Amino acid sequence: MIDPKKIGKKEESDLKEKITTPTRRDFVKGMAIGAGALALSPLLRSRAEAIDYDTFAIKQALRGEKVAAGRVSHDYRKCVGCRVCEMTCAYYNQKEINPFKSRIKIYTYQPEVWVGVVCTQCGDRPCMNACPVEPDKDGRRALYEDPKGRGLAVDRDRCIQCGKCAGACAAQRNSSLRMTEENYPDGCTLCGGDPQCVKKCPQAALSILPRTTDGKYAAKPADILAAEAVETLYGGPKTIVDNWK
Amino acid sequence: MAGGYVGKILEVDLTTKTIKKTPLNTKDAEIFIGGRGLGAKLLWDRTKPGGSYLDPDTPICYMSGPLNGLPAPGTARLTIVTRSASTFPKSNPKHTGILHTNTGGRWAPELKFAGYDAVIVTGASASPVGIAIENDDVKIVPAGKYWGMGNYDLQNALDADFGRRYQSVYIGPAGENLVRYANIMTEIHHACGRGGSGAVMGSKKLKFITVRGTNGLSIDNMRTWQTANKKAWDEVMSSGGYNEWKRLGTGMVVTGSSDWGSEAVYNFKEGTYVYADEMSAEKALRNLWVGNHACFMCALACLHRGVVRTGRFSGMTHDGPEYEGVMMGANCGVRDLFGWQANIAAADDYGLCYISMGNVLGFVMECFEKGVITAADLDGIALKWGDVDAMLEIQKKVAYAEGCGKLLGQNLRALVAAWGKGCGDYAMETKGQGFAAWNVRAQKGFETTYATSNRGADHLEGADIATQNTRVMTDALGICLFQQLDGLRPETMKDLLNTATGYRLGMDDYWKTSERLFTLERSFNVREGFSRDDDTIPPRAFKEALSIGAAKGAIMNYKDFNKLLDKYYKDRGWDNKGIPTKARLRELGLDFV
């Protein structure tokens, strides 16, 4: 995969032209494919091909494949804290009735809001880039992106159990990547391309949304998400105790 | 253990500060299932008749059931079983009855993940303590810094000090001050409300039990479990009532109950409230609610999250209204939706059962109106109908056992004894416990549940024997009653139990088990001196007809009520004084009673 940061200046200006000056024919052709995001597809296709970058999973969609290269996104406005997602993830992926083993975690904050923390499949993959294991011929370190499901995968034979991947996630993103008791990273695999938590949530509070190139936009720590949620839902953390003061 | 249960009980003695882990008695588990049922057996075994709820000896049992923590609908419920602070037999007012009290949230499942089916606390600490459980690591920790905290501050402090994945049950100031209707809560809004369990916990100087678990649970037969579980989720989510539960919660009947004449209005004088619309769930949906709240594994999400945006309570977050909040609403003649929520929120913060508090408030309001008492009896507070500010002031006094709060924090009989002037005619209680938000006279079922409930005037135990049996089982399993009300069939619950644990109960066995559990509770009360004389409905229902609404003119009469009790005891297999017969006890496997 080509690192977008390494694009030369010439290529960048070429791309800029292509993207910013669509012909009418391009636009109409794009619209004919259907979805709003895909209206830009002829333009982004060239960009995607140029940098092999697939932010909206456009390539799969164009090939008629199920779009799986997104990320699980949690909506605190709809979440009711039931944790069916946790139980589903732990059972599907680890065959355990044990929310501790879940890759999605729901935290209760007061005033009441539930914040879901799950791997946001950061486009820039700080977890993978922190892995000290040498990339193999396919460019994969011990923590890598599974080509089928587009989620995280661990090669336990090559993983040296240093924990740097989880450390990077904790330091730079939302601490969703956990080290297991055997000291291997346990990350969201998107269930091989068909995220189960999204299907099972009784409140439709989970959805698959596009990844961002720089994961920091979505991968906020739980405390920050909670503070924003409390502000948005309630206008701030006031309770009867405050009303009485 | 084949499945369902985790096989271990945690026993903590706060006098000797010892912690023991004992194996779950699998024979008892099979016979009494878990939760409310196994709790009754544990209480029976570990108490002698005549003890007080304040005795250090009195055990307080935090019970999970075999289904808690499993991925079936509503497997969230904790049942606490201990001596009641609310009920006492006429034959010996120093004795108290059995208490089972139940709440949702996420605590009971977490206890299972930590590796325990139950926590039994005995003894009493000299200074405030908490119990911290993280899997095998169990500690009694000093709780001085938390003692005195209201529940809003306490929940946040526990989240900060222990971690956000810990689940906690705790008492507020009301429990600390041994208010006889103090509750035990989790996540601020889920209450083991009735019966004063908070006073028991407070008498042990136990402020909280916090738990975190990272172990998995097991199921005996995964294949047959999946079949039963799929059926369970289908029954709940495809039911006609599903949408209503989610949209409006139990608040859906604030207007309905008033329509039927079965609402608690003006201290139960009426059953219809002309202002019900101003206090309805529909109004809350439009003006207060921003989202829903569910317990562990629940799709109904019947609670709501709200915020007041205008007026003097602006910014206040809370979770109501739901139906039983009517005790501080229509029952107190309140018309101010936001002021009502403020009182609910205050009760939650203090750790007061707002059913019982509302019952006391409504009674005191009537006494004040009739001149039985004056403001001087209430430290200068003129507690008029609908006065939400006066209600807030009284609640604070009760929670802190200050001034008039000392007397008001006891029960209606204490007030009647102190004030006289015939106010006993409108004290709405059975066995000492106050009525809940469902009135009597309009519907026979509520007469049955209030008179025959093992934990005193209770709206939940059940309107007839079949309902009582169904519900004692949901409480024993750890599943939420509302799943069953929304369509989860007892047959399916039996299947969930069998496939999880490896039991082979047929429906006959299931119902026989339910009779056994209910009769054991009854037997505990009988051992303390309760009998038919205590299965009462207050005088108001027999002397005053409802005067407005659809049930206008409805009144009870003693002849019909006695016939009701006669039939009830007969159908239960008890004698005419309401005492289970020796033959019936033997039949139910309760030979030890």
# chains A, B, ... in the order shown; residues from 1 in each chain; ligands from 1
$ interface_residues --of "chain B" --to "chain A" --cutoff "9 Å" --atoms "only C-alpha atoms" --output "NGL selection string"
:B and (69-71 or 74 or 105-106 or 113 or 150 or 152-153 or 155-156 or 159 or 164-165 or 187-188 or 213-219 or 237 or 290-301 or 305-309 or 312-319 or 342-343 or 345-346 or 349)
$ residues_around --residues "stretch 130-143 of chain B" --least-positions-apart "4" --cutoff "7 Å" --atoms "only C-alpha atoms" --output "mmCIF file with C-alpha atoms, in the first residue's frame"
data_model
loop_
_atom_site.group_PDB
_atom_site.id
_atom_site.type_symbol
_atom_site.label_atom_id
_atom_site.label_comp_id
_atom_site.auth_asym_id
_atom_site.auth_seq_id
_atom_site.Cartn_x
_atom_site.Cartn_y
_atom_site.Cartn_z
ATOM 1 C CA ALA B 114 -16.592 -12.146 38.823
ATOM 2 C CA GLY B 115 -17.338 -15.749 39.724
ATOM 3 C CA TRP B 147 -20.112 8.058 54.027
ATOM 4 C CA LEU B 206 -21.820 -1.035 54.554
ATOM 5 C CA LYS B 207 -21.885 1.843 52.051
ATOM 6 C CA PHE B 208 -21.331 -0.076 48.808
ATOM 7 C CA ILE B 209 -20.420 -3.324 47.123
ATOM 8 C CA THR B 210 -18.484 -2.760 43.920
ATOM 9 C CA VAL B 211 -17.671 -5.589 41.555
ATOM 10 C CA ARG B 212 -15.816 -6.269 38.358
ATOM 11 C CA GLY B 213 -15.581 -9.628 36.631
ATOM 12 C CA THR B 214 -13.674 -10.892 33.622
#
$ atom_distance --atom1 "atom CA of B:Arg516" --atom2 "atom CA of B:Phe592"
12.2 Å
$ select_by_dssp --residues "stretch 149-205 of chain B" --states "strand (DSSP E)" --output "list in words"
Gln167, Ser168, Val169, Tyr170, Ile184, Met185, Thr186, His190, Ala191 and Cys192 of chain B
$ write_last_selection --atoms "C-alpha atoms" --output "PDB file, in the first residue's frame"
ATOM      1  CA  GLN B 167     -20.731  -2.072  38.888  1.00  0.00           C
ATOM      2  CA  SER B 168     -21.823  -0.909  42.316  1.00  0.00           C
ATOM      3  CA  VAL B 169     -24.781  -1.218  44.649  1.00  0.00           C
ATOM      4  CA  TYR B 170     -24.976   1.291  47.459  1.00  0.00           C
ATOM      5  CA  ILE B 184     -30.237   0.045  47.835  1.00  0.00           C
ATOM      6  CA  MET B 185     -29.463   1.388  44.386  1.00  0.00           C
ATOM      7  CA  THR B 186     -27.208   1.009  41.397  1.00  0.00           C
ATOM      8  CA  HIS B 190     -32.167   1.447  39.690  1.00  0.00           C
ATOM      9  CA  ALA B 191     -33.550   0.652  43.114  1.00  0.00           C
ATOM     10  CA  CYS B 192     -34.065  -2.366  45.280  1.00  0.00           C
TER      11      CYS B 192
END
$ residues_around --residues "B:Tyr510" --least-positions-apart "3" --cutoff "10 Å" --atoms "only C-alpha atoms" --output "short mmCIF file (atom, residue, chain, number, x, y, z; two decimals) with N, CA and C atoms, in the first residue's frame"
data_model
loop_
_atom_site.label_atom_id
_atom_site.label_comp_id
_atom_site.auth_asym_id
_atom_site.auth_seq_id
_atom_site.Cartn_x
_atom_site.Cartn_y
_atom_site.Cartn_z
N ASN B 469 -47.13 -16.93 40.91
CA ASN B 469 -46.21 -18.04 40.62
C ASN B 469 -45.29 -17.71 39.46
N THR B 470 -45.85 -17.09 38.42
CA THR B 470 -45.02 -16.70 37.28
C THR B 470 -43.91 -15.77 37.73
N MET B 473 -40.93 -16.97 39.84
CA MET B 473 -39.94 -17.66 39.01
C MET B 473 -39.05 -16.69 38.24
N PRO B 490 -43.67 -18.24 30.14
CA PRO B 490 -43.06 -19.09 31.17
C PRO B 490 -42.48 -20.38 30.59
N GLU B 491 -43.14 -20.92 29.54
CA GLU B 491 -42.62 -22.14 28.91
C GLU B 491 -41.22 -21.89 28.35
N MET B 493 -39.13 -19.55 29.37
CA MET B 493 -38.22 -19.33 30.49
C MET B 493 -37.80 -20.68 31.08
N LYS B 494 -38.74 -21.61 31.14
CA LYS B 494 -38.41 -22.95 31.61
C LYS B 494 -37.38 -23.59 30.69
N LEU B 497 -34.00 -22.08 31.33
CA LEU B 497 -33.45 -22.63 32.57
C LEU B 497 -32.88 -24.03 32.33
N ARG B 504 -34.14 -30.75 34.15
CA ARG B 504 -35.12 -31.33 33.22
C ARG B 504 -36.53 -31.03 33.71
N LEU B 505 -36.80 -29.76 33.99
CA LEU B 505 -38.12 -29.42 34.51
C LEU B 505 -39.17 -29.45 33.41
N GLY B 506 -40.29 -30.13 33.68
CA GLY B 506 -41.46 -29.97 32.84
C GLY B 506 -42.23 -28.78 33.38
N MET B 507 -43.30 -28.39 32.69
CA MET B 507 -44.05 -27.22 33.18
C MET B 507 -44.68 -27.51 34.55
N THR B 513 -42.38 -25.77 41.58
CA THR B 513 -41.27 -25.00 42.13
C THR B 513 -41.75 -23.62 42.55
N SER B 514 -42.57 -23.00 41.72
CA SER B 514 -43.04 -21.65 42.04
C SER B 514 -43.88 -21.67 43.31
N GLU B 515 -44.73 -22.69 43.45
CA GLU B 515 -45.54 -22.80 44.68
C GLU B 515 -44.63 -22.98 45.88
N ARG B 516 -43.61 -23.76 45.68
CA ARG B 516 -42.66 -24.02 46.77
C ARG B 516 -42.01 -22.71 47.24
#
$ atom_distance --atom1 "atom CA of B:Ser127" --atom2 "atom CA of B:Pro56"
13.4 Å
$ residues_around --residues "A:Met128" --least-positions-apart "5" --cutoff "12 Å" --atoms "only C-alpha atoms" --output "JSON, numbers by chain"
{"A": [121, 122, 123, 133, 134, 135, 139, 140, 141, 142, 143, 144, 145, 146, 151, 152, 153, 154, 155, 159, 163, 164, 165, 166, 167, 168, 169, 177, 185, 187]}
$ write_last_selection --atoms "N, CA and C atoms" --output "compact mmCIF listing (two decimals), in the first residue's frame"
# COMPACT_ATOMS: atom_id res chain seq x y z
N GLN A 121 -10.70 1.56 13.00
CA GLN A 121 -10.02 1.17 11.75
C GLN A 121 -9.33 2.39 11.13
N CYS A 122 -8.54 3.08 11.96
CA CYS A 122 -7.84 4.29 11.51
C CYS A 122 -7.14 4.04 10.18
N GLY A 123 -7.37 4.93 9.24
CA GLY A 123 -6.73 4.77 7.94
C GLY A 123 -5.22 4.76 8.04
N VAL A 133 7.94 -5.63 14.12
CA VAL A 133 8.26 -6.78 13.27
C VAL A 133 8.39 -6.34 11.81
N GLU A 134 9.43 -6.83 11.12
CA GLU A 134 9.66 -6.46 9.73
C GLU A 134 8.50 -6.87 8.83
N PRO A 135 8.08 -6.00 7.92
CA PRO A 135 7.01 -6.36 6.99
C PRO A 135 7.45 -7.51 6.09
N GLY A 139 3.95 -6.83 2.75
CA GLY A 139 3.92 -5.58 3.52
C GLY A 139 3.30 -5.73 4.88
N ARG A 140 3.09 -6.96 5.35
CA ARG A 140 2.40 -7.16 6.61
C ARG A 140 3.38 -7.32 7.77
N ARG A 141 3.10 -6.59 8.83
CA ARG A 141 3.83 -6.83 10.08
C ARG A 141 3.05 -7.88 10.87
N ALA A 142 3.34 -8.02 12.15
CA ALA A 142 2.63 -9.06 12.92
C ALA A 142 1.17 -8.66 13.13
N LEU A 143 0.92 -7.36 13.26
CA LEU A 143 -0.46 -6.85 13.28
C LEU A 143 -0.69 -6.25 11.90
N TYR A 144 -1.72 -6.71 11.21
CA TYR A 144 -1.90 -6.27 9.83
C TYR A 144 -3.39 -6.22 9.50
N GLU A 145 -3.67 -5.71 8.32
CA GLU A 145 -5.07 -5.65 7.90
C GLU A 145 -5.43 -6.91 7.12
N ASP A 146 -6.42 -7.57 7.60
CA ASP A 146 -6.89 -8.78 6.93
C ASP A 146 -7.52 -8.39 5.59
N GLY A 151 -10.38 -5.76 8.55
CA GLY A 151 -10.19 -5.41 9.95
C GLY A 151 -8.80 -5.82 10.41
N LEU A 152 -8.58 -5.75 11.73
CA LEU A 152 -7.27 -6.10 12.27
C LEU A 152 -7.07 -7.61 12.28
N ALA A 153 -5.84 -8.01 12.08
CA ALA A 153 -5.49 -9.43 12.18
C ALA A 153 -4.12 -9.55 12.83
N VAL A 154 -3.90 -10.65 13.55
CA VAL A 154 -2.63 -10.87 14.23
C VAL A 154 -2.00 -12.16 13.72
N ASP A 155 -0.74 -12.09 13.35
CA ASP A 155 0.00 -13.30 13.02
C ASP A 155 0.74 -13.71 14.29
N CYS A 159 4.27 -12.38 15.95
CA CYS A 159 4.10 -11.38 17.00
C CYS A 159 5.08 -11.63 18.12
N GLY A 163 3.52 -5.45 22.85
CA GLY A 163 2.45 -4.56 23.31
C GLY A 163 2.52 -3.16 22.74
N LYS A 164 3.43 -2.91 21.80
CA LYS A 164 3.58 -1.54 21.29
C LYS A 164 2.35 -1.12 20.49
N CYS A 165 1.68 -2.07 19.87
CA CYS A 165 0.48 -1.73 19.09
C CYS A 165 -0.61 -1.19 20.01
N ALA A 166 -0.88 -1.91 21.07
CA ALA A 166 -1.89 -1.46 22.03
C ALA A 166 -1.46 -0.15 22.67
N GLY A 167 -0.15 -0.01 22.90
CA GLY A 167 0.38 1.22 23.47
C GLY A 167 0.13 2.41 22.55
N ALA A 168 0.31 2.19 21.25
CA ALA A 168 0.08 3.27 20.29
C ALA A 168 -1.39 3.66 20.27
N CYS A 169 -2.25 2.67 20.31
CA CYS A 169 -3.69 2.94 20.33
C CYS A 169 -4.07 3.73 21.57
N LEU A 177 -7.63 -1.18 21.38
CA LEU A 177 -6.86 -2.40 21.14
C LEU A 177 -6.35 -2.94 22.47
N PRO A 185 -2.23 -8.96 20.77
CA PRO A 185 -3.28 -7.94 20.58
C PRO A 185 -4.57 -8.59 20.09
N GLY A 187 -7.85 -7.35 18.32
CA GLY A 187 -8.47 -6.18 17.70
C GLY A 187 -9.71 -6.52 16.91
$ select_by_dssp --residues "stretch 142-357 of chain B" --states "helix (DSSP H, G or I)" --output "compact mmCIF listing (two decimals) with C-alpha atoms, in the first residue's frame"
# COMPACT_ATOMS: atom_id res chain seq x y z
CA ASN B 151 -26.00 8.71 45.26
CA TYR B 152 -25.18 11.11 42.39
CA ASP B 153 -21.84 11.98 43.98
CA LEU B 154 -21.27 8.41 45.15
CA GLN B 155 -21.71 6.79 41.73
CA ASN B 156 -19.28 9.29 40.20
CA ALA B 157 -16.78 8.79 43.03
CA LEU B 158 -16.90 5.00 42.67
CA ASP B 159 -16.47 5.30 38.88
CA ALA B 160 -13.43 7.49 39.41
CA ASP B 161 -11.85 5.49 42.26
CA PHE B 162 -12.45 1.93 41.09
CA PRO B 173 -27.91 9.06 53.32
CA ALA B 174 -31.33 7.50 53.96
CA GLY B 175 -29.80 4.03 54.40
CA GLU B 176 -27.02 5.45 56.54
CA SER B 197 -33.16 -2.99 52.61
CA GLY B 198 -31.10 0.20 52.76
CA ALA B 199 -31.62 0.32 56.51
CA VAL B 200 -30.28 -3.23 56.86
CA MET B 201 -27.20 -2.37 54.80
CA GLY B 202 -26.82 0.90 56.69
CA SER B 203 -27.01 -0.82 60.06
CA MET B 222 -25.50 -24.72 23.59
CA ARG B 223 -27.53 -26.20 20.74
CA THR B 224 -30.81 -26.45 22.62
CA TRP B 225 -30.05 -23.14 24.36
CA GLN B 226 -29.78 -21.38 20.99
CA THR B 227 -33.21 -22.69 20.01
CA ALA B 228 -34.81 -21.57 23.26
CA ASN B 229 -32.98 -18.24 23.21
CA LYS B 230 -34.00 -17.41 19.68
CA LYS B 231 -37.59 -18.07 20.67
CA ALA B 232 -37.16 -15.85 23.72
CA TRP B 233 -35.87 -12.86 21.74
CA ASP B 234 -38.60 -13.34 19.12
CA GLU B 235 -41.31 -13.43 21.78
CA VAL B 236 -40.08 -10.18 23.27
CA MET B 237 -39.27 -8.20 20.15
CA TYR B 242 -42.72 -3.87 22.43
CA ASN B 243 -42.96 -0.44 20.91
CA GLU B 244 -45.03 0.94 23.76
CA TRP B 245 -42.56 -0.29 26.37
CA LYS B 246 -39.72 1.41 24.56
CA ARG B 247 -41.51 4.63 23.76
CA LEU B 248 -43.21 5.30 27.06
CA GLY B 249 -42.03 2.76 29.60
CA THR B 250 -44.31 2.08 32.53
CA GLY B 251 -45.24 5.76 32.31
CA MET B 252 -47.63 4.59 29.61
CA VAL B 253 -50.20 3.87 32.31
CA VAL B 254 -50.05 7.20 34.13
CA THR B 255 -53.07 8.25 32.07
CA GLY B 256 -54.42 4.74 31.53
CA SER B 257 -54.55 3.88 35.21
CA SER B 258 -56.33 7.15 35.91
CA ASP B 259 -58.84 6.28 33.20
CA TRP B 260 -59.54 2.93 34.80
CA ALA B 276 -53.14 13.11 34.76
CA ASP B 277 -52.53 14.50 31.28
CA GLU B 278 -50.21 17.19 32.67
CA MET B 279 -48.11 14.48 34.27
CA ALA B 281 -45.50 9.96 29.68
CA GLU B 282 -46.65 11.58 26.45
CA LYS B 283 -45.91 14.99 27.90
CA ALA B 284 -42.55 13.82 29.18
CA LEU B 285 -41.73 12.44 25.75
CA ARG B 286 -42.39 15.84 24.22
CA ASN B 287 -40.73 17.96 26.90
CA TYR B 323 -45.53 4.76 36.72
CA GLU B 324 -44.69 4.26 40.36
CA GLY B 325 -43.43 7.83 40.49
CA VAL B 326 -47.16 8.66 40.65
CA MET B 327 -46.76 8.13 44.40
CA MET B 328 -45.09 11.53 44.48
CA ALA B 330 -51.02 12.29 41.61
CA ASN B 331 -50.95 10.72 45.05
CA CYS B 332 -49.64 14.01 46.42
CA LEU B 337 -44.22 17.88 35.90
CA PHE B 338 -40.75 19.34 36.47
CA GLY B 339 -41.20 19.72 40.22
CA TRP B 340 -42.33 16.12 40.29
CA GLN B 341 -39.13 15.02 38.55
CA ALA B 342 -37.12 17.07 41.02
CA ASN B 343 -38.69 15.10 43.86
CA ILE B 344 -38.00 11.81 42.09
CA ALA B 345 -34.41 12.86 41.50
CA ALA B 346 -34.05 13.89 45.14
CA ALA B 347 -35.40 10.53 46.34
CA ASP B 348 -32.89 8.80 44.06
CA ASP B 349 -30.08 10.90 45.44
CA TYR B 350 -31.02 10.22 49.05
CA TYR B 354 -40.10 6.98 46.37
CA ILE B 355 -43.10 4.68 46.52
CA SER B 356 -42.97 4.59 50.30
CA MET B 357 -41.87 8.22 50.56
